[in-house]
Amino acid sequence: MVAQLLTYNGQVAIVTGAGGGLGRAYALMFGSRGAKVVVNDLGGDTKGQGQSSRAADKVVEEIRQAGGIAVANYDSVEDGDKIVQTALDNFGRVDILVNNAGILRDKSFPRTSDTDWDLVQRVHLRGSFMVTRAAFPVMKKQKFGRIIMTASTSGIFGNFGQANYSAAKLGLLGLSNTVSIEGQKYNIHCNTIAPVSGTRMTEGILPPDLFDEFKPEFVAPLVLWLCHEDCEDTGGLFLTAGGWYGKFRWECTNGVMCRKSREEMVTPEVVRDHWDMITDFSHSYNPESGQEATAHLVGALQEMDSAG
Ligand code: NAD
């Protein structure tokens, strides 16, 4: 059997921050598989300083040279409506949005200035919100959309010197979780990726052998699959590097009902005395929705009632 090639003919993909690194790899792969691509990039440095049209223009040229279709957009993701308008003006629709643009302003937590905090939130979290909010109604009308948010292991686990970045990156997972719920009935899917890759952002941070091995081109296939019409996943969080792909999920211990009746209150000492059981992951479950997590809590109340 010949595996059917995944194509995006007739579809329009916006990739933010596509002038280099990961975004460039996504844009090139979308372009090579039939999508019309809006290559957005503000063209500043890693800290978000400066601005240039060169980065986006270069990638548009690469896509065209390879026989694809692309236009450049140089707006900041904070002006999300302008980026979406570029797609509508040139191609008349938006099927795919990859929120990828990003900057770093690393400082140890107490040294993080207001500017370090605000700029990082503005580009990552507010930027992804602005572009997604502009694209969502277009996708809703089409009854089709695929959206990617870009998180990071720094958000999932924390990382020294990245309080601002960690907060924004895990904020994006929360945003994605709700967009995926609200998008479901319109066939709008939203997933989050946490990539690791050798780009200018990780130069000098990743050990040289991993920097070379974790090419952005290995992250692109995951993004393309999640954005394909055949992919049914939504609300997921995926980790990837160097050709390895995996999915995260939540795990909660079974927990302990520390009351014996509805009349009983709980003291801190009771929590302390049950701590081993409260934190015991040998008995756990994996809630896949807020409803499932709440049902577990309600179940614990009901068990207490019937035992009492
Ligand atoms: P990169 O610096 O090569 O790419 C980021 C791009 O975003 C740059 O081209 C930059 O000009 C653009 N950009 C910055 N601010 C912008 C704005 N306001 N509007 C539009 N464009 C803007 O770095 P990268 O590693 O390719 O990062 C891509 C994304 O992946 C980022 O969101 C980053 O946080 C995330 N990420 C990367 C890694 C990694 O290992 N490289 C790990 C986790 C998450």
# chains A, B, ... in the order shown; residues from 1 in each chain; ligands from 1
>>> residues_around(residues="range 47-55 of chain A", least_positions_apart="2", cutoff="6 Å", atoms="only C-alpha atoms", output="number ranges by chain")
A: 19, 42-45, 57-58, 74, 103-105
>>> closest_atom_pairs(of="chain A", to="ligand 1", cutoff="6 Å", atoms="only C-alpha atoms and all ligand atoms", output="CSV")
residue,atom,partner,partner_atom_place_in_ligand_line,distance
A:Thr16,CA,ligand 1,21 (N),5.8
A:Gly17,CA,ligand 1,7 (O),3.4
A:Ala18,CA,ligand 1,9 (O),5.7
A:Gly19,CA,ligand 1,9 (O),4.5
A:Gly20,CA,ligand 1,9 (O),4.6
A:Gly21,CA,ligand 1,26 (O),3.5
A:Leu22,CA,ligand 1,26 (O),3.8
A:Gly23,CA,ligand 1,26 (O),5.7
A:Asp41,CA,ligand 1,21 (N),3.9
A:Leu42,CA,ligand 1,21 (N),4.2
A:Gly43,CA,ligand 1,11 (O),4.0
A:Gly44,CA,ligand 1,11 (O),4.7
A:Thr46,CA,ligand 1,2 (O),5.2
A:Gly48,CA,ligand 1,15 (N),5.4
A:Ser76,CA,ligand 1,19 (N),3.4
A:Val77,CA,ligand 1,19 (N),4.1
A:Asn100,CA,ligand 1,32 (O),4.5
A:Ala101,CA,ligand 1,7 (O),3.5
A:Gly102,CA,ligand 1,32 (O),3.8
A:Ile103,CA,ligand 1,14 (C),5.2
A:Val123,CA,ligand 1,18 (N),4.9
A:Thr150,CA,ligand 1,32 (O),5.5
A:Ala151,CA,ligand 1,44 (C),5.6
A:Ser152,CA,ligand 1,43 (C),4.0
A:Ala194,CA,ligand 1,43 (C),5.5
A:Pro195,CA,ligand 1,43 (C),4.8
A:Val196,CA,ligand 1,40 (O),3.5
A:Ser197,CA,ligand 1,40 (O),3.8
A:Gly198,CA,ligand 1,41 (N),5.6
A:Thr199,CA,ligand 1,25 (O),4.8
A:Arg200,CA,ligand 1,3 (O),5.0
A:Met201,CA,ligand 1,23 (O),4.6
A:Thr202,CA,ligand 1,41 (N),5.4
>>> select_by_dssp(residues="range 29-232 of chain A", states="helix (DSSP H, G or I)", output="number ranges by chain")
A: 29-32, 54-65, 77-91, 109-111, 114-142, 153-157, 163-186, 208-213, 216-218, 220-226
>>> residues_around(residues="Arg93 in chain A", least_positions_apart="3", cutoff="8 Å", atoms="only C-alpha atoms", output="ChimeraX atom specification")
/A:11-12,87-88,138
>>> select_by_dssp(residues="range 35-244 of chain A", states="strand (DSSP E or B)", output="ChimeraX atom specification")
/A:36-40,69-73,96-98,107,145-150,162,188-195,237-241,244
>>> write_last_selection(atoms="C-alpha atoms", output="short mmCIF file (atom, residue, chain, number, x, y, z; two decimals), in the first residue's frame")
data_model
loop_
_atom_site.label_atom_id
_atom_site.label_comp_id
_atom_site.auth_asym_id
_atom_site.auth_seq_id
_atom_site.Cartn_x
_atom_site.Cartn_y
_atom_site.Cartn_z
CA LYS A 36 -0.67 29.26 0.47
CA VAL A 37 1.44 30.67 3.26
CA VAL A 38 1.44 34.00 5.09
CA VAL A 39 4.99 34.34 6.37
CA ASN A 40 4.72 36.73 9.31
CA ILE A 69 2.84 30.34 -2.96
CA ALA A 70 3.56 32.79 -0.14
CA VAL A 71 3.26 36.41 0.96
CA ALA A 72 5.11 38.28 3.65
CA ASN A 73 3.64 40.19 6.59
CA ILE A 96 -4.37 27.10 9.55
CA LEU A 97 -2.76 29.32 12.15
CA VAL A 98 0.53 28.46 13.79
CA LYS A 107 16.48 37.10 34.19
CA GLY A 145 -9.72 25.59 11.28
CA ARG A 146 -6.52 24.24 12.73
CA ILE A 147 -4.62 26.25 15.35
CA ILE A 148 -1.31 25.58 17.06
CA MET A 149 -0.04 27.25 20.24
CA THR A 150 3.63 27.01 21.10
CA GLN A 162 12.54 32.16 32.79
CA ILE A 188 -11.77 24.21 14.71
CA HIS A 189 -9.05 22.27 16.47
CA CYS A 190 -6.43 23.78 18.72
CA ASN A 191 -3.36 21.93 19.97
CA THR A 192 -0.21 22.92 21.81
CA ILE A 193 3.34 21.86 21.14
CA ALA A 194 6.41 22.06 23.35
CA PRO A 195 9.35 21.72 20.97
CA LEU A 237 -0.13 18.91 24.38
CA PHE A 238 2.74 17.35 22.47
CA LEU A 239 6.45 17.24 23.18
CA THR A 240 8.91 16.86 20.32
CA ALA A 241 12.59 17.05 19.43
CA TRP A 244 10.73 12.02 18.60
#
>>> closest_residue(among="A:Ala295, A:Ala35, A:Val94, A:Leu175", to="Met130 in chain A", atoms="only C-alpha atoms")
A:Leu175
>>> closest_residue(among="A:Leu5, A:Ala134, A:Ala167, A:Met265", to="Gly80 in chain A", atoms="only C-alpha atoms")
A:Ala134
>>> residues_around(residues="Met304 in chain A", least_positions_apart="6", cutoff="12 Å", atoms="only C-alpha atoms", output="JSON, numbers by chain")
{"A": [256, 257, 258, 259, 260, 261, 262, 263, 264, 297, 298]}
